[in-house]
Structures are given as structure tokens and as C-alpha cells.
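A.B. asks: Next comes the structure file my_file18.txt, holding compact mmCIF, C-alpha atoms.
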# COMPACT_ATOMS: atom_id res chain seq x y z
CA MET A 1 0.00 0.00 0.00
CA LYS A 2 1.17 3.52 -0.79
CA VAL A 3 0.74 6.74 1.18
CA SER A 4 -1.58 7.94 -1.60
CA ASP A 5 -3.84 4.91 -0.97
CA VAL A 6 -4.08 5.87 2.71
CA VAL A 7 -4.82 9.49 1.77
CA GLU A 8 -7.66 8.39 -0.47
CA ALA A 9 -9.16 5.76 1.83
CA LEU A 10 -9.14 7.99 4.91
CA GLY A 11 -9.92 11.26 3.11
CA LEU A 12 -6.80 13.00 4.38
CA GLN A 13 -5.66 16.47 3.38
CA VAL A 14 -2.13 16.55 1.99
CA ALA A 15 -0.45 19.49 3.74
CA ALA A 16 3.15 18.82 2.65
CA GLY A 17 5.38 16.31 0.93
CA GLU A 18 3.02 15.78 -1.99
CA ALA A 19 5.88 14.56 -4.16
CA GLN A 20 6.44 11.57 -1.87
CA LEU A 21 2.96 10.04 -1.81
CA SER A 22 4.18 6.96 -3.66
CA ARG A 23 6.07 5.81 -0.59
CA GLU A 24 5.20 2.37 0.67
CA VAL A 25 3.27 1.90 3.91
CA LEU A 26 3.69 -1.30 5.92
CA GLY A 27 2.39 -0.34 9.33
CA GLY A 28 1.51 2.44 11.71
CA TYR A 29 2.57 3.94 14.98
CA CYS A 30 0.53 6.15 17.24
CA GLY A 31 2.14 8.52 19.74
CA ASP A 32 2.88 12.08 20.80
CA LEU A 33 6.03 11.52 22.85
CA LEU A 34 8.90 11.95 20.44
CA SER A 35 11.32 9.69 22.32
CA ASP A 36 8.76 6.91 22.28
CA VAL A 37 8.25 7.28 18.54
CA MET A 38 12.01 7.41 17.95
CA ALA A 39 12.48 4.17 19.83
CA ARG A 40 9.50 2.21 18.53
CA ALA A 41 8.29 3.37 15.13
CA LYS A 42 9.54 1.26 12.26
CA PRO A 43 10.58 2.27 8.76
CA LYS A 44 7.62 2.50 6.41
CA ASP A 45 5.19 3.08 9.26
CA VAL A 46 2.72 5.92 9.10
CA TRP A 47 2.95 7.97 12.29
CA ILE A 48 -0.30 9.19 13.82
CA THR A 49 0.07 12.16 16.18
CA ILE A 50 -1.39 15.43 17.41
CA GLN A 51 2.00 17.16 17.35
CA GLY A 52 2.29 19.78 14.62
CA HIS A 53 5.65 21.42 15.33
CA GLN A 54 8.60 20.93 13.06
CA ASN A 55 10.42 18.41 15.23
CA ILE A 56 8.01 15.78 13.90
CA VAL A 57 9.85 16.08 10.58
CA ALA A 58 13.21 15.34 12.19
CA VAL A 59 11.76 12.29 13.92
CA ALA A 60 10.13 11.16 10.67
CA VAL A 61 13.42 11.45 8.79
CA LEU A 62 15.41 9.62 11.45
CA THR A 63 12.92 6.77 11.81
CA GLU A 64 12.37 6.50 8.03
CA ILE A 65 8.61 6.45 8.36
CA SER A 66 6.54 6.98 5.24
CA GLY A 67 4.42 9.88 6.42
CA VAL A 68 2.83 11.69 9.35
CA ILE A 69 -0.91 11.94 9.95
CA VAL A 70 -1.60 14.99 12.10
CA CYS A 71 -5.03 14.37 13.55
CA GLY A 72 -7.62 16.12 15.69
CA ASN A 73 -7.76 19.07 13.30
CA VAL A 74 -4.37 20.27 14.51
CA GLU A 75 -2.89 22.81 12.13
CA PRO A 76 0.80 22.03 11.55
CA GLU A 77 3.08 25.07 11.79
CA LYS A 78 4.20 26.60 8.50
CA ASP A 79 7.82 25.81 9.39
CA THR A 80 6.78 22.17 9.79
CA LEU A 81 5.30 22.08 6.31
CA ASP A 82 8.30 23.85 4.75
CA ARG A 83 10.71 21.47 6.42
CA ALA A 84 8.58 18.48 5.41
CA ASP A 85 8.61 19.64 1.78
CA ARG A 86 12.40 20.01 1.93
CA GLU A 87 12.89 16.59 3.51
CA GLY A 88 10.24 14.86 1.42
CA ILE A 89 7.99 13.81 4.30
CA PRO A 90 4.24 13.69 3.58
CA ILE A 91 2.26 15.55 6.26
CA LEU A 92 -1.41 14.58 6.16
CA ARG A 93 -4.18 16.33 8.08
CA THR A 94 -7.50 15.09 9.34
CA SER A 95 -10.23 16.05 11.79
CA MET A 96 -10.43 12.44 12.97
CA THR A 97 -9.03 11.48 16.35
CA ALA A 98 -5.89 9.35 16.64
CA PHE A 99 -8.10 6.44 17.67
CA GLY A 100 -10.28 6.83 14.60
CA VAL A 101 -7.30 7.08 12.26
CA ALA A 102 -5.55 4.10 13.85
CA GLY A 103 -8.67 1.95 13.60
CA ARG A 104 -9.22 2.70 9.96
CA LEU A 105 -5.56 2.34 9.07
CA ALA A 106 -5.35 -1.00 10.86
CA ALA A 107 -8.35 -2.23 8.89
CA LEU A 108 -6.68 -1.21 5.63
CA LEU A 109 -3.33 -2.85 6.21
CA MET B 1 37.26 2.22 26.41
CA ALA B 2 38.03 2.57 22.73
CA SER B 3 39.40 -0.16 20.58
CA GLU B 4 42.71 0.24 18.80
CA PRO B 5 42.67 3.22 16.45
CA THR B 6 42.02 2.21 12.90
CA ALA B 7 43.21 3.74 9.68
CA ARG B 8 39.70 4.73 8.63
CA VAL B 9 38.13 7.23 10.98
CA LEU B 10 35.41 9.68 10.10
CA THR B 11 34.67 12.37 12.65
CA LEU B 12 31.69 14.69 12.43
CA SER B 13 31.03 17.53 14.82
CA PHE B 14 28.13 19.96 15.13
CA GLN B 15 27.39 22.94 17.35
CA VAL B 16 24.02 22.60 19.04
CA GLU B 17 22.24 25.60 20.48
CA GLY B 18 20.23 25.27 23.68
CA GLN B 19 16.48 25.95 23.42
CA ASN B 20 16.60 26.16 19.63
CA PHE B 21 13.84 23.71 18.82
CA ARG B 22 13.64 24.94 15.25
CA ALA B 23 17.01 23.49 14.30
CA SER B 24 16.81 20.47 16.57
CA GLY B 25 17.29 17.12 14.93
CA GLU B 26 19.32 18.55 12.06
CA ALA B 27 22.69 17.46 13.43
CA ALA B 28 21.29 13.99 14.08
CA GLY B 29 19.97 13.85 10.53
CA ARG B 30 23.32 14.80 9.05
CA ILE B 31 25.20 12.24 11.11
CA LYS B 32 22.68 9.56 10.13
CA ARG B 33 23.20 10.35 6.44
CA ALA B 34 26.96 9.98 6.96
CA LEU B 35 26.41 6.57 8.55
CA GLU B 36 24.33 5.56 5.54
CA GLN B 37 27.03 6.75 3.15
CA VAL B 38 29.66 4.78 5.03
CA GLY B 39 27.46 1.75 4.41
CA LEU B 40 26.91 0.57 7.95
CA ASP B 41 24.32 -2.09 8.61
CA TRP B 42 20.76 -0.84 8.97
CA SER B 43 20.39 -2.05 12.55
CA ILE B 44 23.50 -0.11 13.59
CA ILE B 45 22.25 3.04 11.85
CA ARG B 46 18.88 2.63 13.53
CA ARG B 47 20.41 2.37 16.99
CA ALA B 48 22.81 5.24 16.30
CA ALA B 49 19.97 7.44 15.08
CA VAL B 50 18.10 7.03 18.36
CA VAL B 51 21.23 7.73 20.40
CA ILE B 52 22.26 10.77 18.36
CA TYR B 53 18.78 12.27 18.36
CA GLU B 54 18.34 11.86 22.11
CA ALA B 55 21.82 13.23 22.76
CA GLU B 56 21.12 16.26 20.59
CA MET B 57 17.74 16.86 22.20
CA ASN B 58 19.28 16.68 25.68
CA ILE B 59 21.50 19.62 24.72
CA VAL B 60 18.60 21.54 23.16
CA ILE B 61 16.27 20.96 26.11
CA HIS B 62 18.63 21.31 29.05
CA ALA B 63 21.85 23.11 28.10
CA ARG B 64 22.93 26.56 26.91
CA ARG B 65 24.93 25.10 24.09
CA GLY B 66 26.95 22.05 23.24
CA VAL B 67 28.81 20.03 20.67
CA LEU B 68 27.47 16.81 19.23
CA SER B 69 30.06 14.61 17.60
CA ALA B 70 30.31 11.18 16.09
CA GLU B 71 33.47 9.20 15.45
CA ILE B 72 32.85 6.46 12.95
CA THR B 73 35.26 3.60 12.43
CA PRO B 74 34.71 0.18 10.88
CA ASP B 75 34.44 -1.22 14.43
CA GLN B 76 32.25 1.26 16.23
CA VAL B 77 30.36 4.51 16.31
CA VAL B 78 31.21 6.74 19.26
CA ILE B 79 28.75 9.54 19.92
CA VAL B 80 29.64 12.35 22.31
CA ALA B 81 27.34 15.12 23.47
CA ASP B 82 29.33 17.69 25.39
CA ASP B 83 27.37 20.60 26.78
CA GLU B 84 27.61 23.77 28.82
CA GLY B 85 24.62 23.59 31.06
CA PRO B 86 23.22 22.91 34.50
CA GLY B 87 24.81 19.49 34.92
CA ILE B 88 23.04 16.54 36.52
CA PRO B 89 22.89 16.54 40.34
CA ASP B 90 21.70 12.94 40.60
CA ILE B 91 22.63 10.69 37.69
CA ALA B 92 20.75 7.66 39.02
CA LEU B 93 17.57 9.72 39.24
CA ALA B 94 18.14 11.19 35.77
CA MET B 95 18.52 7.67 34.40
CA THR B 96 15.14 6.63 35.80
CA GLU B 97 12.63 6.20 33.02
CA GLY B 98 9.91 8.81 33.34
CA TYR B 99 11.95 11.26 35.42
CA SER B 100 12.54 14.61 33.75
CA THR B 101 13.33 18.18 34.73
CA ALA B 102 12.03 19.58 31.44
CA SER B 103 9.57 22.47 31.56
CA ALA B 104 5.84 22.07 30.96
CA GLU B 105 6.21 23.95 27.68
CA VAL B 106 8.83 21.50 26.43
CA ARG B 107 6.73 18.55 27.56
CA GLU B 108 3.77 19.79 25.57
CA MET B 109 5.90 19.42 22.46
CA GLY B 110 6.34 15.75 23.25
CA PHE B 111 9.80 16.06 24.79
CA GLY B 112 10.82 15.64 28.40
CA ALA B 113 9.14 12.29 28.87
CA GLY B 114 12.10 11.04 30.86
CA MET B 115 13.04 8.64 28.09
CA GLY B 116 16.13 10.32 26.66
CA LEU B 117 18.94 8.87 28.76
CA PRO B 118 17.22 5.45 29.08
CA ASN B 119 16.84 5.39 25.28
CA ILE B 120 20.55 6.13 24.87
CA THR B 121 21.41 3.32 27.28
CA LYS B 122 19.11 0.82 25.57
CA HIS B 123 20.39 1.53 22.09
CA SER B 124 24.12 1.64 22.84
CA ASP B 125 26.63 -0.97 23.96
CA GLU B 126 28.38 1.35 26.35
CA MET B 127 27.30 4.64 27.88
CA ARG B 128 29.05 7.03 30.23
CA ILE B 129 27.93 10.29 31.82
CA GLU B 130 30.40 12.83 33.19
CA THR B 131 28.77 15.83 34.77
CA GLU B 132 29.47 18.78 36.99
CA VAL B 133 26.61 20.74 38.47
CA GLY B 134 26.61 24.30 37.17
CA LYS B 135 29.16 23.51 34.43
CA GLY B 136 27.87 20.89 32.05
CA THR B 137 27.52 17.29 31.03
CA ARG B 138 29.29 14.98 28.65
CA VAL B 139 27.46 11.88 27.49
CA THR B 140 29.50 9.28 25.61
CA ALA B 141 27.79 6.36 23.91
CA VAL B 142 29.46 3.56 21.98
CA ILE B 143 27.74 1.38 19.42
CA ARG B 144 29.84 -1.54 18.29
CA VAL B 145 29.50 -2.68 14.74
CA GLY B 146 28.61 -6.34 14.71
CA ALA B 147 27.83 -6.42 18.43
CA CYS B 148 24.10 -6.70 17.89
CA GLY B 149 22.80 -9.86 19.49
CA ASP B 150 26.11 -10.45 21.20
CA GLY B 151 26.10 -8.59 24.47
CA SER B 152 24.13 -5.72 23.06
CA ARG B 153 21.38 -4.29 25.22
CA ALA B 154 19.35 -3.55 22.13
CA VAL B 155 18.78 -7.12 21.08
CA SER B 156 15.12 -6.45 20.52
CA ASP B 157 16.05 -3.83 17.95
CA CYS B 158 18.32 -6.29 16.18
CA SER B 159 15.53 -8.80 15.90
CA GLN B 160 13.19 -6.23 14.41
CA GLY B 161 15.59 -5.76 11.56
CA SER B 162 14.74 -3.97 8.39
CA ARG B 163 11.45 -4.41 6.66
CA GLY B 164 10.97 -5.40 3.11
Once you've parsed the file, please lay out its structure as C-alpha cells.

C.D. replies:
Amino acid sequence: MKVSDVVEALGLQVAAGEAQLSREVLGGYCGDLLSDVMARAKPKDVWITIQGHQNIVAVAVLTEISGVIVCGNVEPEKDTLDRADREGIPILRTSMTAFGVAGRLAALL
Amino acid sequence: MASEPTARVLTLSFQVEGQNFRASGEAAGRIKRALEQVGLDWSIIRRAAVVIYEAEMNIVIHARRGVLSAEITPDQVVIVADDEGPGIPDIALAMTEGYSTASAEVREMGFGAGMGLPNITKHSDEMRIETEVGKGTRVTAVIRVGACGDGSRAVSDCSQGSRG
């Protein structure tokens, strides 16, 4: 499954990293503590979070995840989106809760 | 602590500014790319990435400034975070998972969960803290190439391996 498939199935808004939507998705990780995500997320996961500041991009790059779903209608900072575009990390927005996103993603995978 | 010096040594060093959350993670990203270019095994890069990121964030969160460096040889990756900052009054307490002195503001960003130093310990083969209250802290972590599954404390990470 590709990031673009997740975008379509869950009706996500692509806020940044549009050029990288063909990345493969193998799993997901849900969390807002960056150290926890650093230690546990796997490459090609999609990361579900309510954090919208630009450090999520650094964590995404270092963990080699395929994209970040910022949920709960959180508006990612402009710096986050600029950095994500530079680093090629898809940032996807939704009004769904983390629980809702995780449930639907789990059903897809 | 170090093994015999080898002919091939790559040293990278970056200044890290305290409280600058905008630039945080950049030094870690650059060191990770260097590890990839050197061609180290994915599991070693993965462990090093966690250690480097946590070491960098410790400087950003707690110190005024510091230097993050990585010495890469065919045998090991040595990561040193040397900062000018408050120091650690009680290392045992600081090593306790969940304990943190980070501010509420920093915690809201998802930092300061008291996982930084424990994460460094878990993902390295050797870790040392030298600190002086009011002066600063130096954290040294060693990741041995090929040590995974053989005395490594990050065996679980080894078994996860790379996907695909």
C-alpha cells in the first residue's frame, strides 16, 4: 500500500510532501512523545500524532517512516510544512481522532 | 574504552544551540546520512539514530549550548554530546525512566518524557555520563558494529531488523 492509498481511503488532506505520496506503507505507529516514537516506530510506518511542530519532521526522517498523519484538526506550523517539503515527508491532516485514524488504518493494512 | 585506532576514521562535529527547537534534529539527521554513506548495517544506523537524536535533544532541552560529535570507524560509532549547562545533580535519578526536569512547555511538544537517557542506554553498547553541576555534562555512547545480538542491550532492535 502507498501513502496515496491511505490518503484516499481515509480522506486525508495533503499538507506537505506531496511529491512523496508513492512511498510504501507497511504499518503504523501512534504517539505524541517523540522519544517513544524514535524508539519504537519502524521504517515505512505511518505515524499518527497530534504534534504539529517541526520536530516531527526530524523524527520522521530519522525513523524512516513513510508519512505523518496529524489528527484532531491540529494545524501544523508553517515551518513544519516547509521542512517536510524540503525533507520529502508527507504531512497529512485530518479532523479524525488518533483512535479513529488508527482503527481505519489498521483495517486497511 | 576505545578499541585500537584504525586507519579509517570519520569524525563529524556539530554545534548545538540550547532551546533552539527549530534546528533540533538537524545534526542527528546529518550524522545519520553519513552513517548511511559509510554503508553501515541498517540495525547499527537505527540504533545510532536514536542515540544521536536523544543526545542532541538533551542539549537543546537542558543546556545553553553544546557540541554533538560522532566518530565512525569500521568497528564502532562513538557519539559524544558535550554541553555547557546545568549538569546533573543525581545521575541515578536522571537515568530513571519517566523522570525529567524539562519544563511544561517543552513537555507539551512531546519532549521531556524522561526517556532520553534510558533510550541512549538501551540503544548503545556502552554509555558514560560525566557531569558537573553548574558547568555541564558529557554523554558518551558507543555502538559496536557487529555487536548486535552479542552482548548488546538492544537485542530487541536487532531482531526487528529492516522491513521489506

A.B. asks: At what distance in Å, to one decimal, does CA of Glu97 (chain B) lie from CA of Val78 (chain B)?

C.D. replies: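 Spanning CA of Val78 (chain B) to CA of Glu97 (chain B) is a straight-line distance of 23.1 Å.
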
A.B. asks: Taking 2 positions as the minimum chain separation for residues in the same chain, which residues sit within 8 Å of Asp83 (chain B) when counting all atoms listed in the file? Answer as a PyMOL selection string.

C.D. replies: chain B and resi 59+63-67+81+85+136-138

A.B. asks: Please save C-alpha atoms of the selected residues as a PDB file, in the frame of the given file.

C.D. replies:
ATOM      1  CA  ILE B  59      21.500  19.620  24.720  1.00  0.00           C
ATOM      2  CA  ALA B  63      21.850  23.110  28.100  1.00  0.00           C
ATOM      3  CA  ARG B  64      22.930  26.560  26.910  1.00  0.00           C
ATOM      4  CA  ARG B  65      24.930  25.100  24.090  1.00  0.00           C
ATOM      5  CA  GLY B  66      26.950  22.050  23.240  1.00  0.00           C
ATOM      6  CA  VAL B  67      28.810  20.030  20.670  1.00  0.00           C
ATOM      7  CA  ALA B  81      27.340  15.120  23.470  1.00  0.00           C
ATOM      8  CA  GLY B  85      24.620  23.590  31.060  1.00  0.00           C
ATOM      9  CA  GLY B 136      27.870  20.890  32.050  1.00  0.00           C
ATOM     10  CA  THR B 137      27.520  17.290  31.030  1.00  0.00           C
ATOM     11  CA  ARG B 138      29.290  14.980  28.650  1.00  0.00           C
TER      12      ARG B 138
END

A.B. asks: What does the structure give for the distance between CA of Met95 (chain B) and CA of Pro118 (chain B), in Å to one decimal?

C.D. replies: 5.9 Å

A.B. asks: May I have a table of the residues of chain B lying at most 8 Å from chain A, giving each one's closest pair of atoms and their distance in Å to one decimal, counting all atoms listed in the file, ordered by chain and ascending residue number, as JSON lines?

C.D. replies:
{"residue": "B:Phe21", "atom": "CA", "partner": "A:Asn55", "partner_atom": "CA", "distance": 7.3}
{"residue": "B:Arg22", "atom": "CA", "partner": "A:Gln54", "partner_atom": "CA", "distance": 6.8}
{"residue": "B:Ser24", "atom": "CA", "partner": "A:Asn55", "partner_atom": "CA", "distance": 6.8}
{"residue": "B:Gly25", "atom": "CA", "partner": "A:Ala58", "partner_atom": "CA", "distance": 5.2}
{"residue": "B:Glu26", "atom": "CA", "partner": "A:Ala58", "partner_atom": "CA", "distance": 6.9}
{"residue": "B:Ala28", "atom": "CA", "partner": "A:Leu62", "partner_atom": "CA", "distance": 7.8}
{"residue": "B:Gly29", "atom": "CA", "partner": "A:Leu62", "partner_atom": "CA", "distance": 6.3}
{"residue": "B:Lys32", "atom": "CA", "partner": "A:Leu62", "partner_atom": "CA", "distance": 7.4}
{"residue": "B:Arg46", "atom": "CA", "partner": "A:Thr63", "partner_atom": "CA", "distance": 7.5}
{"residue": "B:Ala49", "atom": "CA", "partner": "A:Leu62", "partner_atom": "CA", "distance": 6.2}
{"residue": "B:Val50", "atom": "CA", "partner": "A:Met38", "partner_atom": "CA", "distance": 6.1}
{"residue": "B:Glu54", "atom": "CA", "partner": "A:Ser35", "partner_atom": "CA", "distance": 7.4}
{"residue": "B:Met109", "atom": "CA", "partner": "A:Gln51", "partner_atom": "CA", "distance": 6.8}
{"residue": "B:Gly110", "atom": "CA", "partner": "A:Leu33", "partner_atom": "CA", "distance": 4.3}
{"residue": "B:Phe111", "atom": "CA", "partner": "A:Leu34", "partner_atom": "CA", "distance": 6.1}
{"residue": "B:Ala113", "atom": "CA", "partner": "A:Leu33", "partner_atom": "CA", "distance": 6.8}
{"residue": "B:Met115", "atom": "CA", "partner": "A:Ser35", "partner_atom": "CA", "distance": 6.1}
{"residue": "B:Gly116", "atom": "CA", "partner": "A:Ser35", "partner_atom": "CA", "distance": 6.5}
{"residue": "B:Asn119", "atom": "CA", "partner": "A:Ala39", "partner_atom": "CA", "distance": 7.1}
{"residue": "B:Ser162", "atom": "CA", "partner": "A:Pro43", "partner_atom": "CA", "distance": 7.5}
{"residue": "B:Arg163", "atom": "CA", "partner": "A:Pro43", "partner_atom": "CA", "distance": 7.1}

A.B. asks: Let's have the selection written as a CSV table (one decimal), keeping the file's coordinate frame, with C-alpha atoms.

C.D. replies:
chain,number,residue,atom,x,y,z
B,21,PHE,CA,13.8,23.7,18.8
B,22,ARG,CA,13.6,24.9,15.2
B,24,SER,CA,16.8,20.5,16.6
B,25,GLY,CA,17.3,17.1,14.9
B,26,GLU,CA,19.3,18.6,12.1
B,28,ALA,CA,21.3,14.0,14.1
B,29,GLY,CA,20.0,13.8,10.5
B,32,LYS,CA,22.7,9.6,10.1
B,46,ARG,CA,18.9,2.6,13.5
B,49,ALA,CA,20.0,7.4,15.1
B,50,VAL,CA,18.1,7.0,18.4
B,54,GLU,CA,18.3,11.9,22.1
B,109,MET,CA,5.9,19.4,22.5
B,110,GLY,CA,6.3,15.8,23.2
B,111,PHE,CA,9.8,16.1,24.8
B,113,ALA,CA,9.1,12.3,28.9
B,115,MET,CA,13.0,8.6,28.1
B,116,GLY,CA,16.1,10.3,26.7
B,119,ASN,CA,16.8,5.4,25.3
B,162,SER,CA,14.7,-4.0,8.4
B,163,ARG,CA,11.4,-4.4,6.7

A.B. asks: So what do you get for CA of Ala41 (chain A) versus CA of Val25 (chain A), distance-wise?

C.D. replies: 12.4 Å

A.B. asks: Show me, as a ChimeraX atom specification, the residues that have an atom within 9 Å of Leu35 (chain B) when counting only C-alpha atoms, minus same-chain residues fewer than 2 positions from it.

C.D. replies: /B:30-33,37-41,44-45,48,72,77

A.B. asks: Skip Pro90 (chain A) itself and residues of its chain fewer than 2 positions away, then list as a PyMOL selection string all residues within 8 Å of it, counting all atoms listed in the file.

C.D. replies: chain A and resi 14-21+66-68+84-85+88+92

A.B. asks: Taking into account only C-alpha atoms, which residue in the set A:Ile69, A:Ala106, A:Ile48, A:Met96 is nearest to Val7 (chain A)?

C.D. replies: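 Distance minimum relative to Val7 (chain A) lands on A:Ile69.
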
A.B. asks: Using all atoms listed in the file, find all polymer residues with an atom at most 10 Å away from the point (27.4, 19.5, 36.0); report them as a list in words.

C.D. replies: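 Residues with an atom at most 10 Å from (27.4, 19.5, 36.0): Asp83, Glu84, Gly85, Pro86, Gly87, Ile88, Pro89, Asp90, Glu130, Thr131, Glu132, Val133, Gly134, Lys135, Gly136, Thr137 and Arg138 of chain B.
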
A.B. asks: At a cut-off of 12 Å, using all atoms listed in the file, what residues contact Ala107 (chain A)? Leave out same-chain residues fewer than 5 positions from it and give the result as a ChimeraX atom specification.

C.D. replies: /A:6,9-10,27-28,100-102

A.B. asks: Between B:His62, B:Arg8, B:Arg144, B:Arg47, which residue has the minimum interatomic distance to Ser103 (chain B), considering all atoms listed in the file?

C.D. replies: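 Closest residue, counting all atoms listed in the file: B:His62.
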
A.B. asks: Mind rebuilding region 34-63 of chain B with N, CA and C atoms and writing that out as a PDB file, in the coordinates of the input?

C.D. replies:
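Output contents, as saved in result-v7.pdb:
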ATOM      1  N   ALA B  34      25.557  10.402   7.072  1.00  0.00           N
ATOM      2  CA  ALA B  34      26.960   9.980   6.960  1.00  0.00           C
ATOM      3  C   ALA B  34      27.095   8.485   7.239  1.00  0.00           C
ATOM      4  N   LEU B  35      26.364   8.009   8.221  1.00  0.00           N
ATOM      5  CA  LEU B  35      26.410   6.570   8.550  1.00  0.00           C
ATOM      6  C   LEU B  35      25.896   5.741   7.380  1.00  0.00           C
ATOM      7  N   GLU B  36      24.878   6.271   6.700  1.00  0.00           N
ATOM      8  CA  GLU B  36      24.330   5.560   5.540  1.00  0.00           C
ATOM      9  C   GLU B  36      25.358   5.536   4.409  1.00  0.00           C
ATOM     10  N   GLN B  37      26.037   6.669   4.229  1.00  0.00           N
ATOM     11  CA  GLN B  37      27.030   6.750   3.150  1.00  0.00           C
ATOM     12  C   GLN B  37      28.210   5.831   3.405  1.00  0.00           C
ATOM     13  N   VAL B  38      28.562   5.682   4.671  1.00  0.00           N
ATOM     14  CA  VAL B  38      29.660   4.780   5.030  1.00  0.00           C
ATOM     15  C   VAL B  38      29.262   3.335   4.742  1.00  0.00           C
ATOM     16  N   GLY B  39      27.941   3.088   4.748  1.00  0.00           N
ATOM     17  CA  GLY B  39      27.460   1.750   4.410  1.00  0.00           C
ATOM     18  C   GLY B  39      27.322   0.826   5.595  1.00  0.00           C
ATOM     19  N   LEU B  40      27.103   1.408   6.771  1.00  0.00           N
ATOM     20  CA  LEU B  40      26.910   0.570   7.950  1.00  0.00           C
ATOM     21  C   LEU B  40      25.588  -0.189   7.857  1.00  0.00           C
ATOM     22  N   ASP B  41      25.517  -1.273   8.584  1.00  0.00           N
ATOM     23  CA  ASP B  41      24.320  -2.090   8.610  1.00  0.00           C
ATOM     24  C   ASP B  41      23.131  -1.284   9.141  1.00  0.00           C
ATOM     25  N   TRP B  42      21.946  -1.601   8.598  1.00  0.00           N
ATOM     26  CA  TRP B  42      20.760  -0.840   8.970  1.00  0.00           C
ATOM     27  C   TRP B  42      20.491  -0.849  10.467  1.00  0.00           C
ATOM     28  N   SER B  43      20.692  -1.970  11.116  1.00  0.00           N
ATOM     29  CA  SER B  43      20.390  -2.050  12.550  1.00  0.00           C
ATOM     30  C   SER B  43      21.323  -1.149  13.365  1.00  0.00           C
ATOM     31  N   ILE B  44      22.553  -0.998  12.901  1.00  0.00           N
ATOM     32  CA  ILE B  44      23.500  -0.110  13.590  1.00  0.00           C
ATOM     33  C   ILE B  44      23.078   1.350  13.378  1.00  0.00           C
ATOM     34  N   ILE B  45      22.689   1.670  12.147  1.00  0.00           N
ATOM     35  CA  ILE B  45      22.250   3.040  11.850  1.00  0.00           C
ATOM     36  C   ILE B  45      21.015   3.378  12.672  1.00  0.00           C
ATOM     37  N   ARG B  46      20.124   2.421  12.767  1.00  0.00           N
ATOM     38  CA  ARG B  46      18.880   2.630  13.530  1.00  0.00           C
ATOM     39  C   ARG B  46      19.190   2.948  14.996  1.00  0.00           C
ATOM     40  N   ARG B  47      20.057   2.155  15.583  1.00  0.00           N
ATOM     41  CA  ARG B  47      20.410   2.370  16.990  1.00  0.00           C
ATOM     42  C   ARG B  47      21.141   3.704  17.147  1.00  0.00           C
ATOM     43  N   ALA B  48      22.055   3.982  16.223  1.00  0.00           N
ATOM     44  CA  ALA B  48      22.810   5.240  16.300  1.00  0.00           C
ATOM     45  C   ALA B  48      21.886   6.437  16.157  1.00  0.00           C
ATOM     46  N   ALA B  49      20.888   6.321  15.296  1.00  0.00           N
ATOM     47  CA  ALA B  49      19.970   7.440  15.080  1.00  0.00           C
ATOM     48  C   ALA B  49      19.228   7.797  16.363  1.00  0.00           C
ATOM     49  N   VAL B  50      18.794   6.778  17.084  1.00  0.00           N
ATOM     50  CA  VAL B  50      18.100   7.030  18.360  1.00  0.00           C
ATOM     51  C   VAL B  50      19.037   7.717  19.340  1.00  0.00           C
ATOM     52  N   VAL B  51      20.258   7.188  19.448  1.00  0.00           N
ATOM     53  CA  VAL B  51      21.230   7.730  20.400  1.00  0.00           C
ATOM     54  C   VAL B  51      21.583   9.183  20.049  1.00  0.00           C
ATOM     55  N   ILE B  52      21.838   9.426  18.778  1.00  0.00           N
ATOM     56  CA  ILE B  52      22.260  10.770  18.360  1.00  0.00           C
ATOM     57  C   ILE B  52      21.125  11.766  18.563  1.00  0.00           C
ATOM     58  N   TYR B  53      19.919  11.362  18.213  1.00  0.00           N
ATOM     59  CA  TYR B  53      18.780  12.270  18.360  1.00  0.00           C
ATOM     60  C   TYR B  53      18.562  12.612  19.838  1.00  0.00           C
ATOM     61  N   GLU B  54      18.566  11.609  20.684  1.00  0.00           N
ATOM     62  CA  GLU B  54      18.340  11.860  22.110  1.00  0.00           C
ATOM     63  C   GLU B  54      19.465  12.712  22.696  1.00  0.00           C
ATOM     64  N   ALA B  55      20.685  12.457  22.261  1.00  0.00           N
ATOM     65  CA  ALA B  55      21.820  13.230  22.760  1.00  0.00           C
ATOM     66  C   ALA B  55      21.690  14.693  22.329  1.00  0.00           C
ATOM     67  N   GLU B  56      21.300  14.895  21.086  1.00  0.00           N
ATOM     68  CA  GLU B  56      21.120  16.260  20.590  1.00  0.00           C
ATOM     69  C   GLU B  56      19.986  16.955  21.350  1.00  0.00           C
ATOM     70  N   MET B  57      18.880  16.244  21.522  1.00  0.00           N
ATOM     71  CA  MET B  57      17.740  16.860  22.200  1.00  0.00           C
ATOM     72  C   MET B  57      18.042  17.174  23.657  1.00  0.00           C
ATOM     73  N   ASN B  58      18.885  16.364  24.293  1.00  0.00           N
ATOM     74  CA  ASN B  58      19.280  16.680  25.680  1.00  0.00           C
ATOM     75  C   ASN B  58      19.976  18.028  25.741  1.00  0.00           C
ATOM     76  N   ILE B  59      20.817  18.315  24.757  1.00  0.00           N
ATOM     77  CA  ILE B  59      21.500  19.620  24.720  1.00  0.00           C
ATOM     78  C   ILE B  59      20.466  20.714  24.493  1.00  0.00           C
ATOM     79  N   VAL B  60      19.592  20.508  23.504  1.00  0.00           N
ATOM     80  CA  VAL B  60      18.600  21.540  23.160  1.00  0.00           C
ATOM     81  C   VAL B  60      17.688  21.839  24.357  1.00  0.00           C
ATOM     82  N   ILE B  61      17.250  20.789  25.031  1.00  0.00           N
ATOM     83  CA  ILE B  61      16.270  20.960  26.110  1.00  0.00           C
ATOM     84  C   ILE B  61      16.915  21.514  27.378  1.00  0.00           C
ATOM     85  N   HIS B  62      18.097  21.021  27.714  1.00  0.00           N
ATOM     86  CA  HIS B  62      18.630  21.310  29.050  1.00  0.00           C
ATOM     87  C   HIS B  62      19.809  22.277  29.093  1.00  0.00           C
ATOM     88  N   ALA B  63      20.568  22.387  28.011  1.00  0.00           N
ATOM     89  CA  ALA B  63      21.850  23.110  28.100  1.00  0.00           C
ATOM     90  C   ALA B  63      21.783  24.475  27.415  1.00  0.00           C
TER      91      ALA B  63
END
